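Pasted below: work35.cif, mmCIF, C-alpha atoms.
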data_query
loop_
_atom_site.label_atom_id
_atom_site.label_comp_id
_atom_site.auth_asym_id
_atom_site.auth_seq_id
_atom_site.Cartn_x
_atom_site.Cartn_y
_atom_site.Cartn_z
CA MET A 12 113.14 123.97 182.47
CA ALA A 13 110.51 123.89 185.18
CA LEU A 14 108.06 121.43 186.68
CA VAL A 15 106.20 124.11 188.63
CA VAL A 16 104.50 127.22 187.26
CA GLN A 17 105.49 129.98 189.66
CA ASP A 18 102.59 132.37 188.96
CA ARG A 19 99.99 133.14 191.62
CA THR A 20 97.65 130.18 191.91
CA PHE A 21 94.04 130.11 190.71
CA LEU A 22 92.58 129.77 194.21
CA ASP A 23 94.72 132.56 195.66
CA ALA A 24 93.74 134.92 192.84
CA LEU A 25 89.98 134.41 193.20
CA SER A 26 87.89 137.12 194.81
CA ASP A 27 86.28 136.29 198.16
CA GLU A 28 82.88 136.05 196.48
CA ALA A 29 84.12 133.71 193.76
CA ARG A 30 85.90 131.54 196.34
CA LYS A 31 82.66 131.19 198.31
CA ASP A 32 80.83 130.30 195.09
CA LEU A 33 83.45 127.65 194.32
CA LEU A 34 83.09 126.11 197.78
CA ARG A 35 79.31 126.05 197.37
CA ILE A 36 79.40 124.00 194.15
CA SER A 37 82.12 121.55 195.21
CA VAL A 38 82.73 118.71 197.63
CA GLU A 39 85.96 118.00 199.46
CA ARG A 40 87.94 114.80 198.86
CA THR A 41 91.29 113.54 200.15
CA PHE A 42 93.62 111.28 198.17
CA ARG A 43 96.29 108.97 199.56
CA ALA A 44 99.93 109.03 198.47
CA ASP A 45 100.33 107.53 194.97
CA GLU A 46 96.56 107.53 194.39
CA HIS A 47 95.33 108.79 191.03
CA LEU A 48 93.39 112.04 191.10
CA LEU A 49 92.81 111.76 187.34
CA ARG A 50 93.69 109.08 184.78
CA GLU A 51 94.95 109.69 181.25
CA GLN A 52 92.35 108.99 178.51
CA ASP A 53 89.52 108.83 181.05
CA ASP A 54 86.29 110.45 179.81
CA SER A 55 85.30 112.03 183.14
CA SER A 56 84.83 115.81 183.21
CA HIS A 57 85.09 116.89 186.86
CA VAL A 58 87.65 119.46 187.99
CA LEU A 59 89.83 119.40 191.09
CA VAL A 60 91.30 122.31 193.02
CA LEU A 61 94.18 121.39 195.31
CA LEU A 62 93.71 122.59 198.89
CA ALA A 63 96.78 120.89 200.39
CA GLY A 64 99.62 118.70 199.17
CA TRP A 65 101.29 118.22 195.81
CA ALA A 66 100.41 116.16 192.73
CA VAL A 67 102.45 115.04 189.74
CA VAL A 68 101.14 115.31 186.17
CA SER A 69 102.46 112.60 183.84
CA THR A 70 101.76 110.92 180.52
CA ALA A 71 102.48 107.42 179.26
CA THR A 72 105.33 106.90 176.78
CA ASP A 73 106.19 104.25 174.20
CA ARG A 74 108.86 102.81 176.55
CA SER A 75 106.81 99.95 178.06
CA SER A 76 105.54 101.16 181.47
CA ALA A 77 107.61 104.35 181.53
CA ARG A 78 106.02 107.74 181.94
CA LEU A 79 107.04 111.34 181.33
CA ILE A 80 106.55 113.71 184.23
CA LEU A 81 105.10 116.92 182.80
CA ALA A 82 104.56 119.07 185.88
CA LEU A 83 104.03 119.31 189.61
CA ARG A 84 100.85 120.94 190.88
CA ARG A 85 100.59 122.63 194.28
CA ARG A 86 98.02 124.06 196.66
CA GLY A 87 95.63 126.44 194.89
CA GLU A 88 96.06 125.03 191.40
CA VAL A 89 93.32 123.58 189.19
CA VAL A 90 93.65 120.22 187.42
CA GLY A 91 91.27 118.63 184.93
CA GLU A 92 89.82 121.87 183.60
CA MET A 93 90.58 121.10 179.92
CA ALA A 94 88.28 118.07 179.95
CA ALA A 95 85.55 120.10 181.67
CA LEU A 96 85.76 123.10 179.37
CA GLY A 97 86.63 121.41 176.08
CA GLY A 98 84.96 118.02 176.30
CA PHE A 99 88.26 116.19 175.70
CA ARG A 100 89.44 112.96 177.25
CA ARG A 101 92.05 113.39 179.97
CA SER A 102 95.37 114.27 178.34
CA ALA A 103 97.49 113.17 181.33
CA SER A 104 97.34 111.38 184.64
CA VAL A 105 97.52 113.27 187.94
CA THR A 106 98.87 111.37 190.95
CA ALA A 107 99.17 112.37 194.60
CA LEU A 108 102.64 112.96 196.05
CA GLY A 109 101.78 112.25 199.64
CA PRO A 110 98.28 113.01 201.00
CA VAL A 111 96.38 115.54 198.86
CA ARG A 112 93.20 117.38 199.84
CA THR A 113 91.03 118.75 197.03
CA LEU A 114 87.77 120.34 196.03
CA VAL A 115 85.92 118.29 193.42
CA VAL A 116 83.65 120.22 191.05
CA PRO A 117 81.40 118.49 188.48
CA GLY A 118 82.24 119.59 184.94
CA ALA A 119 78.88 121.23 184.22
CA ARG A 120 79.00 123.23 187.46
CA PHE A 121 82.56 124.34 186.75
CA ARG A 122 81.61 125.52 183.25
CA ALA A 123 78.73 127.54 184.68
CA PHE A 124 81.01 128.93 187.41
CA ALA A 125 83.56 130.10 184.81
CA GLY A 126 80.89 131.40 182.44
CA ARG A 127 79.14 133.71 184.90
CA ASP A 128 82.28 135.39 186.29
CA PRO A 129 84.65 137.20 183.87
CA GLN A 130 87.40 137.15 186.50
CA VAL A 131 87.29 133.36 186.70
CA SER A 132 87.42 133.07 182.90
CA ALA A 133 90.38 135.45 182.77
CA LEU A 134 92.24 133.51 185.47
CA LEU A 135 91.72 130.22 183.63
CA MET A 136 92.98 131.79 180.40
CA ALA A 137 96.04 133.20 182.17
CA GLN A 138 96.73 129.78 183.72
CA LEU A 139 96.45 128.11 180.33
CA VAL A 140 98.88 130.59 178.74
CA SER A 141 101.36 130.17 181.57
CA ARG A 142 101.24 126.37 181.36
CA LEU A 143 101.62 126.44 177.57
CA ARG A 144 104.66 128.69 177.94
CA THR A 145 106.18 126.29 180.45
CA ALA A 146 105.40 123.31 178.19
CA ASP A 147 107.13 125.06 175.27
CA GLU A 148 110.21 125.59 177.43
CA GLU A 149 110.19 121.90 178.36
CA ARG A 150 109.99 120.85 174.70
CA ARG A 151 112.94 123.09 173.84
CA THR A 152 114.85 121.55 176.72
CA LEU A 153 114.18 117.99 175.54
CA ALA A 154 115.28 118.90 172.02
CA SER A 155 118.38 120.94 172.79
CA LEU A 156 119.98 119.73 176.05
CA THR A 157 121.95 116.59 176.78
CA VAL A 158 120.68 114.13 179.36
CA LEU A 159 123.43 115.27 181.74
CA GLN A 160 122.33 118.90 181.41
CA ARG A 161 118.69 117.96 181.99
CA VAL A 162 119.60 115.91 185.07
CA ALA A 163 121.64 118.79 186.49
CA ARG A 164 118.84 121.30 185.88
CA ARG A 165 116.18 119.06 187.37
CA LEU A 166 118.24 118.35 190.49
CA LEU A 167 118.71 122.09 191.01
CA GLU A 168 114.99 122.75 190.51
CA LEU A 169 113.97 120.01 192.93
CA THR A 170 116.42 121.37 195.49
CA ASP A 171 114.79 124.80 195.18
CA LEU A 172 111.33 123.23 195.54
CA GLN A 173 112.21 121.47 198.76
CA GLU A 174 112.88 124.85 200.36
CA ALA A 175 109.21 125.80 199.92
CA PRO A 176 107.01 125.55 203.06
CA SER A 177 104.66 123.14 201.26
CA ALA A 178 107.35 121.20 199.43
CA PRO A 179 106.20 117.91 197.86
CA THR A 180 106.94 114.70 199.71
CA ALA A 181 109.14 113.46 196.87
CA THR A 182 111.53 116.38 197.31
CA ARG A 183 111.11 117.36 200.94
CA ARG A 184 114.34 117.80 202.89
CA ALA A 185 115.22 114.62 204.76
CA GLY A 186 118.17 116.20 206.51
CA ARG A 187 121.69 117.34 205.79
CA THR A 188 124.79 115.22 206.03
CA GLY A 189 127.06 117.02 208.48
CA ASP A 190 124.65 119.98 208.30
CA ALA A 191 126.12 120.75 204.90
CA TYR A 192 124.42 119.03 201.95
CA PRO A 193 120.73 118.99 200.93
CA VAL A 194 119.13 115.62 200.30
CA LEU A 195 116.37 114.65 197.87
CA ALA A 196 114.61 111.80 199.68
CA GLN A 197 112.14 109.30 198.23
CA PHE A 198 113.17 110.36 194.71
CA ALA A 199 114.42 107.26 192.91
CA GLN A 200 116.50 107.16 189.74
CA HIS A 201 113.48 106.04 187.72
CA ASP A 202 111.54 109.10 189.00
CA LEU A 203 114.39 111.32 187.85
CA ALA A 204 114.38 109.59 184.46
CA ASP A 205 110.63 110.23 184.16
CA ALA A 206 111.21 113.88 185.10
CA VAL A 207 113.85 114.53 182.41
CA GLY A 208 112.39 112.45 179.57
CA ALA A 209 115.28 110.01 179.35
CA THR A 210 115.83 106.29 179.81
CA ARG A 211 116.79 104.98 183.23
CA GLU A 212 120.06 103.74 181.75
CA ALA A 213 120.96 107.22 180.46
CA VAL A 214 120.12 108.83 183.81
CA ALA A 215 122.09 106.15 185.69
CA LYS A 216 125.11 106.95 183.49
CA SER A 217 124.74 110.68 184.21
CA LEU A 218 124.50 110.06 187.95
CA ARG A 219 127.56 107.81 187.75
CA LEU A 220 129.52 110.68 186.19
CA LEU A 221 128.26 113.08 188.85
CA ARG A 222 129.22 110.66 191.62
CA THR A 223 132.70 110.17 190.18
CA ALA A 224 133.20 113.94 190.08
CA GLY A 225 131.97 114.33 193.67
CA VAL A 226 128.94 116.37 192.62
CA VAL A 227 126.35 114.00 194.13
CA ARG A 228 126.15 110.94 196.35
CA THR A 229 123.37 108.42 195.79
CA ARG A 230 121.72 105.73 197.87
CA PRO A 231 118.46 103.85 197.35
CA ARG A 232 115.73 106.49 196.91
CA ARG A 233 118.11 109.21 198.06
CA ILE A 234 120.22 111.75 196.16
CA GLU A 235 122.62 113.93 198.11
CA LEU A 236 123.77 117.14 196.41
CA MET A 237 127.40 117.91 197.17
CA ASP A 238 128.35 120.70 194.75
CA HIS A 239 125.71 123.17 193.60
CA ASP A 240 128.21 125.29 191.65
CA ALA A 241 129.25 122.30 189.55
CA LEU A 242 125.60 121.44 188.89
CA ARG A 243 124.89 125.00 187.76
CA LEU A 244 127.92 124.90 185.44
CA LEU A 245 126.77 121.61 183.93
CA ALA A 246 123.18 122.84 183.59
CA ALA A 247 124.47 125.80 181.58
CA GLY A 248 126.43 123.54 179.25
CA GLY A 249 129.79 123.92 180.94
CA ASN A 250 132.41 121.23 181.59
CA ILE A 251 133.81 120.17 184.94
CA GLY A 252 136.50 117.89 183.58
CA PHE A 253 134.82 114.52 183.18
#

Would you put the structure from the file into structure tokens?
Amino acid sequence: MALVVQDRTFLDALSDEARKDLLRISVERTFRADEHLLREQDDSSHVLVLLAGWAVVSTATDRSSARLILALRRRGEVVGEMAALGGFRRSASVTALGPVRTLVVPGARFRAFAGRDPQVSALLMAQLVSRLRTADEERRTLASLTVLQRVARRLLELTDLQEAPSAPTATRRAGRTGDAYPVLAQFAQHDLADAVGATREAVAKSLRLLRTAGVVRTRPRRIELMDHDALRLLAAGGNIGF
């Protein structure tokens, strides 16, 4: 279960020459927090390469205005390439988590860029395979794990992410209570529900159980992790005596 593909990013893997070529055919654009980089079902074809910040990839669900968070994208990653290369409508929305700086490449220019450099084509193929593998893992998770297990796994993953130097705003460390416990700040219960593919009511029930057991403490837009070992046990399907 993972929101972030851990492979080397597209931009980091490019040769110096290819990186210069990419800069030549693109323009730079900055997005504000919560601003859409791309919108689901839009028929645009441009591609974006993240230069700084994090973005969340999500898709609409049948539950009124709810969404399902599919992935987080970080510096160096490409978004929107499927529409550029395949002529499809956007399959998901991409939204900025905090300020995001990008390169914007028109679809036709990106296709030409990928077509004239075998390394670029190979990197895009490797990225696609890696993302498909991660998506398959997510589908297995949704089908086989309980909501409580998914919540425990996602909390552990987000805690690991906040340790990264470029951690996303939604998971960045806001401090430690008594210098002991990590905190997920600005991550509301509805965000967690979107990230595990469950209803807000089901996630609220799971968090209530975790609070009762002393595994987490929650406040508005703030989740404090008290017991990592218990979370790991729950994520693996174990029981902590609820």

Exercise. Could you state which residues are captured by the PyMOL selection byres ((chain A and resi 115) around 7) in this file, as a PyMOL selection string?
Key: chain A and resi 37-40+57-60+113-114+116-117

Could you write out that same residue set with C-alpha atoms as an mmCIF file, in the frame of the given file?
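As a result, selection.cif now contains:
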data_model
loop_
_atom_site.group_PDB
_atom_site.id
_atom_site.type_symbol
_atom_site.label_atom_id
_atom_site.label_comp_id
_atom_site.auth_asym_id
_atom_site.auth_seq_id
_atom_site.Cartn_x
_atom_site.Cartn_y
_atom_site.Cartn_z
ATOM 1 C CA SER A 37 82.120 121.550 195.210
ATOM 2 C CA VAL A 38 82.730 118.710 197.630
ATOM 3 C CA GLU A 39 85.960 118.000 199.460
ATOM 4 C CA ARG A 40 87.940 114.800 198.860
ATOM 5 C CA HIS A 57 85.090 116.890 186.860
ATOM 6 C CA VAL A 58 87.650 119.460 187.990
ATOM 7 C CA LEU A 59 89.830 119.400 191.090
ATOM 8 C CA VAL A 60 91.300 122.310 193.020
ATOM 9 C CA THR A 113 91.030 118.750 197.030
ATOM 10 C CA LEU A 114 87.770 120.340 196.030
ATOM 11 C CA VAL A 116 83.650 120.220 191.050
ATOM 12 C CA PRO A 117 81.400 118.490 188.480
#

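For the pair CA of Arg78 (chain A) and CA of Asp205 (chain A), the separation is 5.7 Å.
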
I'd like the box whose edges run along x, y and z of the file and which contains every listed atom of region 151-158 of chain A, padded by 6 Å per side; could you state its centre and edge lengths in Å, one decimal, as AutoDock Vina command-line options?
--center_x 117.4 --center_y 118.6 --center_z 175.7 --size_x 21.0 --size_y 21.0 --size_z 19.3

- request: Evaluate the PyMOL selection byres ((chain A and resi 218-223) around 10) here and jot the selected residues down as a PyMOL selection string.
  value: chain A and resi 159+162-163+200+212-217+224-229+234-238+241-242+245+251+253

For Val89 (chain A): contacts at 7 Å, only C-alpha atoms, fewer than 2 positions along chain excluded, given as a list in words = Phe21, Leu59, Val60, Leu61, Gly87, Gly91 and Glu92 of chain A

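Residue selection for this entry, given the PyMOL selection byres ((chain A and resi 202) around 10), comprises A:Ala77, A:Arg78, A:Leu79, A:Ile80, A:Ala181, A:Gln197, A:Phe198, A:Ala199, A:Gln200, A:His201, A:Leu203, A:Ala204, A:Asp205, A:Ala206, A:Val207, A:Arg211, A:Arg232.
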
Next, write the just-selected residues to a file, as an mmCIF file, in the coordinates of the input, keeping C-alpha atoms as the atom set.
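Result file is result.cif:
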data_model
loop_
_atom_site.group_PDB
_atom_site.id
_atom_site.type_symbol
_atom_site.label_atom_id
_atom_site.label_comp_id
_atom_site.auth_asym_id
_atom_site.auth_seq_id
_atom_site.Cartn_x
_atom_site.Cartn_y
_atom_site.Cartn_z
ATOM 1 C CA ALA A 77 107.610 104.350 181.530
ATOM 2 C CA ARG A 78 106.020 107.740 181.940
ATOM 3 C CA LEU A 79 107.040 111.340 181.330
ATOM 4 C CA ILE A 80 106.550 113.710 184.230
ATOM 5 C CA ALA A 181 109.140 113.460 196.870
ATOM 6 C CA GLN A 197 112.140 109.300 198.230
ATOM 7 C CA PHE A 198 113.170 110.360 194.710
ATOM 8 C CA ALA A 199 114.420 107.260 192.910
ATOM 9 C CA GLN A 200 116.500 107.160 189.740
ATOM 10 C CA HIS A 201 113.480 106.040 187.720
ATOM 11 C CA LEU A 203 114.390 111.320 187.850
ATOM 12 C CA ALA A 204 114.380 109.590 184.460
ATOM 13 C CA ASP A 205 110.630 110.230 184.160
ATOM 14 C CA ALA A 206 111.210 113.880 185.100
ATOM 15 C CA VAL A 207 113.850 114.530 182.410
ATOM 16 C CA ARG A 211 116.790 104.980 183.230
ATOM 17 C CA ARG A 232 115.730 106.490 196.910
#

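For the pair CA of Arg50 (chain A) and CA of Ser104 (chain A), the separation is 4.3 Å.
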
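From CA of Ser56 (chain A) back to CA of Gly98 (chain A), the distance works out to 7.3 Å.
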
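Each of A:Leu81, A:Leu22, A:Leu62, A:Leu153 was checked against Thr41 (chain A) using all atoms listed in the file; the smallest atom-to-atom distance is that of A:Leu62.
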
For Ala107 (chain A), the closest of A:Glu88, A:Glu149, A:Asp45, A:Glu51 counting all atoms listed in the file is A:Asp45

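Proximity ranking of A:Leu14, A:Leu25, A:Leu244, A:Ala95 relative to Pro129 (chain A) places A:Leu25 first, based on only C-alpha atoms.
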
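Among the candidates A:Asp27, A:Thr106, A:Gly208, A:Thr20, the one nearest to Thr157 (chain A) when counting only C-alpha atoms is A:Gly208.
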
(message) At a cut-off of 10 Å around the point (99.3, 117.3, 198.1) (file coordinates), what residues fall inside when counting all atoms listed in the file? I'd like the answer as a count of residues only.
(response) 27

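Restricting the calculation to all atoms listed in the file, the smallest distance between Glu46 (chain A) and any of A:Val105, A:Ala209, A:Arg120, A:Asp147 is found for A:Val105.
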
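Using only C-alpha atoms, the nearest neighbour of Asp18 (chain A) within the list A:Ala71, A:Leu156, A:Val140, A:Leu33 is A:Val140.
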
Report task. Do a neighbour search on Arg164 (chain A) at 9 Å with all atoms listed in the file, toss out local chain neighbours closer than 4 positions, and write the hits as a PyMOL selection string. Result -> chain A and resi 12-13+159-160+168-169+242-243+245-247
